[in-house]
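Participant: The file below is model.cif, mmCIF, C-alpha atoms:
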```cif
data_model
loop_
_atom_site.label_atom_id
_atom_site.label_comp_id
_atom_site.auth_asym_id
_atom_site.auth_seq_id
_atom_site.Cartn_x
_atom_site.Cartn_y
_atom_site.Cartn_z
CA MET G 1 7.73 2.83 -22.09
CA ALA G 2 4.00 2.51 -22.79
CA SER G 3 2.11 5.75 -23.26
CA ARG G 4 -0.88 6.82 -21.15
CA ALA G 5 -3.19 6.19 -24.13
CA GLU G 6 -1.87 2.63 -24.46
CA ALA G 7 -2.40 2.08 -20.75
CA VAL G 8 -6.01 3.25 -21.04
CA ALA G 9 -6.58 1.00 -24.05
CA ALA G 10 -5.13 -1.99 -22.22
CA SER G 11 -7.34 -1.26 -19.24
CA ALA G 12 -10.40 -1.04 -21.48
CA GLY G 13 -9.48 -4.29 -23.17
CA GLY G 14 -9.62 -6.13 -19.88
CA ALA G 15 -12.92 -4.61 -18.77
CA THR G 16 -15.02 -7.65 -19.67
CA ALA G 17 -13.08 -9.98 -17.42
CA VAL G 18 -13.19 -7.52 -14.52
CA GLU G 19 -16.95 -7.00 -14.86
CA ALA G 20 -17.55 -10.74 -14.80
CA ALA G 21 -16.16 -10.89 -11.27
CA GLY G 22 -17.42 -7.49 -10.16
CA PRO G 23 -15.34 -4.45 -9.29
CA SER G 24 -12.25 -4.95 -7.15
CA LEU G 25 -11.40 -2.39 -4.46
CA ARG G 26 -7.72 -3.28 -4.69
CA ARG G 27 -7.76 -2.72 -8.45
CA ALA G 28 -9.65 0.56 -8.02
CA ILE G 29 -7.02 1.82 -5.57
CA ARG G 30 -4.17 0.80 -7.88
CA GLU G 31 -5.77 2.50 -10.88
CA ALA G 32 -6.59 5.61 -8.84
CA LEU G 33 -2.95 6.00 -7.82
CA GLY G 34 -1.97 5.74 -11.49
CA ASP G 35 -4.59 8.36 -12.35
CA LEU G 36 -3.21 10.65 -9.67
CA TYR G 37 0.28 10.35 -11.15
CA TYR G 38 -0.90 11.45 -14.60
CA HIS G 39 -3.50 14.03 -13.53
CA SER G 40 -2.30 15.49 -10.22
CA TRP G 41 -1.70 18.96 -11.65
CA ARG G 42 -5.37 19.06 -12.67
CA LEU G 43 -6.82 17.39 -9.59
CA VAL G 44 -4.92 19.29 -6.89
CA PRO G 45 -6.58 22.66 -7.71
CA GLY G 46 -10.00 20.95 -7.56
CA ASN G 47 -9.09 19.44 -4.19
CA VAL G 48 -7.87 22.81 -2.88
CA LEU G 49 -11.10 24.47 -4.03
CA TRP G 50 -13.10 21.80 -2.20
CA SER G 51 -10.99 22.23 0.95
CA PHE G 52 -11.36 26.00 1.12
CA THR G 53 -15.11 25.72 0.55
CA ALA G 54 -15.32 23.15 3.34
CA LEU G 55 -13.35 25.42 5.68
CA ALA G 56 -15.61 28.37 4.86
CA VAL G 57 -18.73 26.27 5.54
CA LEU G 58 -17.21 24.98 8.79
CA LEU G 59 -16.44 28.54 9.88
CA ALA G 60 -20.02 29.58 9.11
CA VAL G 61 -21.35 26.71 11.25
CA VAL G 62 -19.01 27.59 14.14
CA VAL G 63 -19.98 31.27 14.05
CA SER G 64 -23.73 30.61 14.07
CA PRO G 65 -26.13 27.64 13.91
CA LEU G 66 -27.61 29.39 10.90
CA GLY G 67 -24.41 28.43 9.13
CA LEU G 68 -25.87 24.94 8.73
CA ALA G 69 -27.85 26.41 5.84
CA ALA G 70 -24.55 26.73 3.96
CA LEU G 71 -23.84 22.98 4.06
CA PRO G 72 -25.44 22.26 0.65
CA VAL G 73 -22.96 24.69 -0.95
CA LEU G 74 -20.24 22.08 -0.38
CA ALA G 75 -22.03 19.94 -2.97
CA ILE G 76 -20.85 22.27 -5.75
CA PRO G 77 -17.08 21.70 -5.43
CA THR G 78 -17.82 18.06 -4.61
CA ALA G 79 -19.63 17.66 -7.92
CA GLY G 80 -16.79 19.52 -9.63
CA LEU G 81 -14.16 17.18 -8.24
CA PHE G 82 -16.18 14.13 -9.21
CA ARG G 83 -16.72 15.53 -12.70
CA MET G 84 -12.98 15.44 -13.17
CA THR G 85 -12.41 12.04 -11.58
CA THR G 86 -15.25 10.34 -13.48
CA ARG G 87 -13.87 11.69 -16.76
CA VAL G 88 -10.49 10.28 -15.80
CA ALA G 89 -12.06 6.91 -14.93
CA ARG G 90 -13.87 6.88 -18.29
CA GLY G 91 -10.63 7.55 -20.16
CA GLY G 92 -11.69 11.00 -21.40
CA SER G 93 -9.83 14.27 -21.53
CA VAL G 94 -10.01 16.32 -18.35
CA SER G 95 -9.14 19.82 -17.18
CA PHE G 96 -9.73 21.97 -14.11
CA TRP G 97 -12.50 23.75 -16.04
CA ASP G 98 -14.54 20.54 -15.88
CA ALA G 99 -14.72 21.16 -12.13
CA MET G 100 -15.67 24.78 -12.60
CA SER G 101 -18.54 23.78 -14.89
CA ALA G 102 -20.31 22.42 -11.80
CA TRP G 103 -20.99 26.03 -10.84
CA ARG G 104 -23.22 26.53 -13.87
CA THR G 105 -24.59 23.17 -15.05
CA GLU G 106 -27.09 20.95 -13.22
CA LEU G 107 -26.82 23.31 -10.27
CA GLY G 108 -30.36 22.52 -9.11
CA GLY G 109 -29.79 18.78 -8.97
CA THR G 110 -26.39 19.21 -7.33
CA LEU G 111 -27.74 21.46 -4.58
CA THR G 112 -30.77 19.21 -4.06
CA LEU G 113 -28.55 16.18 -3.54
CA GLY G 114 -26.26 18.19 -1.28
CA ALA G 115 -29.19 19.52 0.73
CA GLY G 116 -30.65 16.04 1.16
CA LEU G 117 -27.36 14.66 2.42
CA ALA G 118 -26.83 17.68 4.70
CA VAL G 119 -30.31 17.41 6.23
CA ALA G 120 -29.83 13.68 6.80
CA ALA G 121 -26.45 14.27 8.49
CA VAL G 122 -27.76 17.05 10.75
CA VAL G 123 -30.97 15.26 11.76
CA LEU G 124 -29.29 11.91 12.35
CA GLY G 125 -26.38 13.52 14.18
CA THR G 126 -28.82 15.38 16.44
CA ASN G 127 -30.70 12.14 17.12
CA ILE G 128 -27.46 10.42 18.10
CA VAL G 129 -26.57 13.13 20.62
CA THR G 130 -30.12 13.33 21.97
CA GLY G 131 -30.43 9.57 22.29
CA LEU G 132 -27.08 9.07 24.01
CA THR G 133 -27.70 11.86 26.52
CA SER G 134 -31.27 10.80 27.34
CA GLY G 135 -30.15 8.01 29.66
CA THR G 136 -33.09 5.79 28.65
CA PRO G 137 -33.27 2.54 26.65
CA LEU G 138 -35.58 4.24 24.16
CA GLY G 139 -33.03 7.01 23.66
CA TRP G 140 -30.22 4.52 23.16
CA ALA G 141 -32.32 2.66 20.59
CA LEU G 142 -32.96 5.95 18.79
CA ALA G 143 -29.23 6.71 18.80
CA THR G 144 -28.43 3.25 17.42
CA LEU G 145 -30.91 3.65 14.58
CA ALA G 146 -29.50 7.11 13.85
CA VAL G 147 -25.95 5.72 13.69
CA TRP G 148 -27.04 3.17 11.09
CA GLY G 149 -28.87 5.90 9.22
CA LEU G 150 -25.73 8.01 9.19
CA VAL G 151 -23.73 5.06 7.86
CA ALA G 152 -26.31 4.58 5.10
CA ALA G 153 -26.12 8.28 4.19
CA TRP G 154 -22.30 8.09 4.06
CA LEU G 155 -22.39 5.08 1.74
CA PHE G 156 -25.11 6.59 -0.45
CA ALA G 157 -23.12 9.80 -0.89
CA TRP G 158 -20.08 7.91 -2.17
CA THR G 159 -22.31 5.84 -4.46
CA ALA G 160 -24.32 8.76 -5.83
CA TRP G 161 -21.66 11.37 -6.63
CA PRO G 162 -19.75 9.35 -9.28
CA ILE G 163 -23.01 8.24 -10.92
CA VAL G 164 -24.63 11.69 -11.11
CA THR G 165 -21.42 13.17 -12.56
CA ASP G 166 -20.70 10.26 -14.93
CA PRO G 167 -20.02 11.76 -18.40
CA TRP G 168 -21.41 8.61 -20.04
CA ARG G 169 -24.77 9.23 -18.32
CA ALA G 170 -24.93 12.97 -18.94
CA GLY G 171 -28.07 12.40 -21.05
CA TRP G 172 -29.96 10.80 -18.15
CA PRO G 173 -32.38 12.81 -15.99
CA PHE G 174 -30.76 13.60 -12.67
CA ARG G 175 -33.40 11.63 -10.73
CA GLU G 176 -32.68 8.47 -12.73
CA ARG G 177 -28.99 8.69 -11.92
CA VAL G 178 -29.88 9.04 -8.24
CA ARG G 179 -32.23 6.08 -8.59
CA LEU G 180 -29.45 3.94 -10.06
CA ALA G 181 -27.20 4.90 -7.14
CA SER G 182 -29.92 3.87 -4.66
CA VAL G 183 -30.48 0.52 -6.37
CA LEU G 184 -26.73 -0.11 -6.55
CA LEU G 185 -26.34 0.48 -2.81
CA LEU G 186 -29.21 -1.91 -2.06
CA ALA G 187 -27.83 -4.51 -4.48
CA HIS G 188 -24.25 -4.49 -3.15
CA PRO G 189 -24.30 -3.21 0.47
CA ILE G 190 -21.30 -5.28 1.59
CA ARG G 191 -19.02 -4.22 -1.27
CA ILE G 192 -19.96 -0.56 -0.92
CA ALA G 193 -19.61 -0.81 2.86
CA ALA G 194 -16.03 -2.02 2.32
CA LEU G 195 -15.42 1.04 0.17
CA GLY G 196 -17.02 3.31 2.79
CA VAL G 197 -14.88 1.89 5.60
CA ALA G 198 -11.70 2.24 3.54
CA LEU G 199 -12.51 5.85 2.61
CA ALA G 200 -13.45 6.76 6.19
CA ALA G 201 -10.14 5.39 7.49
CA PHE G 202 -8.16 7.10 4.74
CA LEU G 203 -9.82 10.49 5.24
CA ALA G 204 -9.49 10.22 9.03
CA VAL G 205 -5.74 9.71 8.68
CA SER G 206 -5.58 12.52 6.10
CA THR G 207 -7.37 14.89 8.47
CA ALA G 208 -4.56 14.35 10.98
CA ALA G 209 -2.15 15.26 8.17
CA PHE G 210 -4.07 18.42 7.34
CA VAL G 211 -1.93 19.43 4.38
CA ALA G 212 -2.66 16.11 2.65
CA LEU G 213 -6.39 16.62 3.11
CA LEU G 214 -6.13 20.17 1.80
CA MET G 215 -4.11 19.26 -1.29
CA VAL G 216 -5.02 15.82 -2.56
CA SER G 217 -6.80 13.39 -0.19
CA VAL G 218 -10.37 14.07 -1.31
CA ALA G 219 -9.30 13.78 -4.96
CA ILE G 220 -7.75 10.37 -4.25
CA ALA G 221 -10.95 9.25 -2.51
CA ALA G 222 -13.00 10.48 -5.49
CA LEU G 223 -10.73 8.64 -7.95
CA VAL G 224 -11.01 5.38 -6.02
CA THR G 225 -14.78 5.78 -5.81
CA ALA G 226 -15.15 6.52 -9.53
CA ARG G 227 -13.01 3.51 -10.44
CA TYR G 228 -15.01 1.27 -8.07
CA ILE G 229 -18.59 2.51 -8.49
CA LEU G 230 -18.88 3.18 -12.24
CA PRO G 231 -18.12 -0.40 -13.42
CA ALA G 232 -20.55 -1.71 -10.81
CA ALA G 233 -23.23 0.74 -11.98
CA ASP G 234 -22.71 -0.25 -15.62
CA ARG G 235 -22.96 -3.93 -14.75
CA LEU G 236 -26.10 -3.46 -12.66
CA ASP G 237 -27.83 -1.33 -15.29
CA ARG G 238 -27.25 -4.01 -17.91
CA GLN G 239 -28.95 -6.47 -15.56
CA ILE G 240 -31.98 -4.41 -14.49
CA GLY G 241 -32.27 -2.19 -17.57
CA ILE G 242 -33.00 1.28 -16.19
CA ALA G 243 -31.75 2.80 -19.45
CA ARG G 244 -33.85 0.44 -21.56
CA GLU G 245 -36.92 0.87 -19.36
CA HIS G 246 -36.98 4.64 -19.80
CA GLY G 247 -35.52 4.86 -23.30
CA LEU G 248 -32.36 6.50 -21.98
CA PRO G 249 -28.96 6.38 -23.69
CA GLU G 250 -26.77 3.48 -22.64
CA ALA G 251 -23.59 4.26 -20.69
CA VAL G 252 -21.20 4.58 -23.65
CA PRO G 253 -18.25 6.88 -24.34
CA GLU G 254 -19.22 10.45 -25.17
CA ALA G 255 -18.21 11.72 -28.60
CA ASP G 256 -15.03 13.78 -28.77
#
```
Represent the structure contained in this file as structure tokens.

Facilitator:
Amino acid sequence: MASRAEAVAASAGGATAVEAAGPSLRRAIREALGDLYYHSWRLVPGNVLWSFTALAVLLAVVVSPLGLAALPVLAIPTAGLFRMTTRVARGGSVSFWDAMSAWRTELGGTLTLGAGLAVAAVVLGTNIVTGLTSGTPLGWALATLAVWGLVAAWLFAWTAWPIVTDPWRAGWPFRERVRLASVLLLAHPIRIAALGVALAAFLAVSTAAFVALLMVSVAIAALVTARYILPAADRLDRQIGIAREHGLPEAVPEAD
């Protein structure tokens, strides 16, 4: 039976052919399930940490509207989970302590990204409710625009998190990683929309099966996203040259 190292090497050997055609969602799902098999004992604790943080934030919001201020805190375990899954996708070693490092490294950038996404979700969600209950064409138009804005924020979040936590881009300024995520979303809206729809459906089903969401569902979604987004980001950066433009290190394996 082939070892995990041989499987990674074989996957890397076929990277050129895959990049030529662009990332495949089906391939990303298949590889993510293989990753889960080999790394579940590392990923499950990260998923559980994310779930309990999400429940605590939800409780704070239910108790008081001031609890909305706690929403950016969810970005910390989110970054931690993506730090593990991007290392897995890059073929590197990974441990639960990679997730915990999110509590002490790049905390400012992580919270800023989380706060931006939280503000967008709250404002757009409020506009949807206000527009739908206004009973006027102008209100309905406002609600429609807010729905599309919420969709864009959802897709941007799934594009940004794997890029900002990519170990091969650890030497990039945080803002340049966010910039690459923005350009990638604009360059491939249909492909990323397909990913967003698939993840929304998967997480909706997982929410009904609450134990699955608590234990492993978010980790699976993060693995699929890392496998799908990172090759696309590498391919796009080679075309537009963000790294070359700013004298940044190319996305290459980090030294052991």

Participant: I need the residue set behind the PyMOL selection byres ((chain G and resi 41) around 12) for this file; please write it as a ChimeraX atom specification.

Facilitator: /G:35-40,42-48,84,94-96,215-216,219

Participant: Could you tell me which residues the PyMOL selection byres ((chain G and resi 61-71) around 10) grabs in this file, written as a ChimeraX atom specification?

Facilitator: /G:53-60,72-75,111,114-115,117-119,122

Participant: Can you work out the spacing between CA of Phe174 in chain G and CA of Ala102 in chain G in Å, to one decimal?

Facilitator: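 Interatomic distance, CA of Phe174 in chain G to CA of Ala102 in chain G: 13.7 Å.
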
Participant: Find the distance between CA of Phe52 in chain G and CA of Asn127 in chain G and write it in Å to one decimal.

Facilitator: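 So the two atoms, CA of Phe52 in chain G and CA of Asn127 in chain G, lie 28.7 Å apart.
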
Participant: Which of these, G:Val164, G:Val123, G:Ala204, G:Val151, has the shortest distance to Leu180 in chain G once you count all atoms listed in the file?

Facilitator: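 Once distances to Leu180 in chain G are computed over all atoms listed in the file, the minimum belongs to G:Val164.
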
Participant: At a cut-off of 9 Å, using all atoms listed in the file, what residues contact range 224-233 of chain G? Leave out same-chain residues fewer than 6 positions from it and give the result as number ranges by chain.

Facilitator: G: 15, 18-19, 22-25, 27-33, 82, 85-90, 158-163, 166, 180-181, 184, 188, 192, 195, 199

Participant: Quick one: of G:Met100, G:Thr165, G:Ala193, G:Val129, who's nearest to Arg177 in chain G, counting only C-alpha atoms?

Facilitator: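 Smallest separation from Arg177 in chain G among the options: G:Thr165.
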
Participant: Kindly provide, as a PDB file with C-alpha atoms, in the coordinates of the input, the polymer residues lying within 9 Å of (-31.6, 14.1, -10.9), counting all atoms listed in the file and using the coordinates exactly as they appear in the file.

Facilitator:
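The resulting file, out16.pdb, is shown below:
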```pdb
ATOM      1  CA  GLU G 106     -27.090  20.950 -13.220  1.00  0.00           C
ATOM      2  CA  GLY G 108     -30.360  22.520  -9.110  1.00  0.00           C
ATOM      3  CA  GLY G 109     -29.790  18.780  -8.970  1.00  0.00           C
ATOM      4  CA  THR G 110     -26.390  19.210  -7.330  1.00  0.00           C
ATOM      5  CA  THR G 112     -30.770  19.210  -4.060  1.00  0.00           C
ATOM      6  CA  LEU G 113     -28.550  16.180  -3.540  1.00  0.00           C
ATOM      7  CA  VAL G 164     -24.630  11.690 -11.110  1.00  0.00           C
ATOM      8  CA  TRP G 172     -29.960  10.800 -18.150  1.00  0.00           C
ATOM      9  CA  PRO G 173     -32.380  12.810 -15.990  1.00  0.00           C
ATOM     10  CA  PHE G 174     -30.760  13.600 -12.670  1.00  0.00           C
ATOM     11  CA  ARG G 175     -33.400  11.630 -10.730  1.00  0.00           C
ATOM     12  CA  GLU G 176     -32.680   8.470 -12.730  1.00  0.00           C
ATOM     13  CA  ARG G 177     -28.990   8.690 -11.920  1.00  0.00           C
ATOM     14  CA  VAL G 178     -29.880   9.040  -8.240  1.00  0.00           C
ATOM     15  CA  ARG G 179     -32.230   6.080  -8.590  1.00  0.00           C
TER      16      ARG G 179
END
```

Participant: Compare G:Ala121, G:Leu236, G:Ser134, G:Ser217 by their minimum atom-to-atom distance to Ala201 in chain G, counting only C-alpha atoms, and give me the closest one.

Facilitator: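 For Ala201 in chain G, the nearest of the given residues is G:Ser217.
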
Participant: Go ahead and compute the interatomic distance for CA of Ala79 in chain G and CA of Ala222 in chain G, in Å to one decimal.

Facilitator: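 These two atoms are separated by 10.1 Å.
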
Participant: Return the single residue from G:Leu107, G:Val147, G:Ala152, G:Ala209 that is closest to Thr130 in chain G, with distances computed using only C-alpha atoms.

Facilitator: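 Closest candidate: G:Val147.
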
Participant: For Leu248 in chain G, list every protein, DNA or RNA residue within 8 Å, evaluated using only C-alpha atoms, and leave out those in the same chain fewer than 3 positions away; present the list as a count of residues only.

Facilitator: 6

Participant: Kindly indicate which residue among G:Ala187, G:Phe156, G:Gly125, G:Ile220 lies nearest to Leu142 in chain G, using all atoms listed in the file for the distances.

Facilitator: G:Gly125

Participant: Using only C-alpha atoms, which residue out of G:Ser206, G:Thr105, G:Ala198, G:Thr78 lies closest to Ala170 in chain G?

Facilitator: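 For Ala170 in chain G, the nearest of the given residues is G:Thr105.
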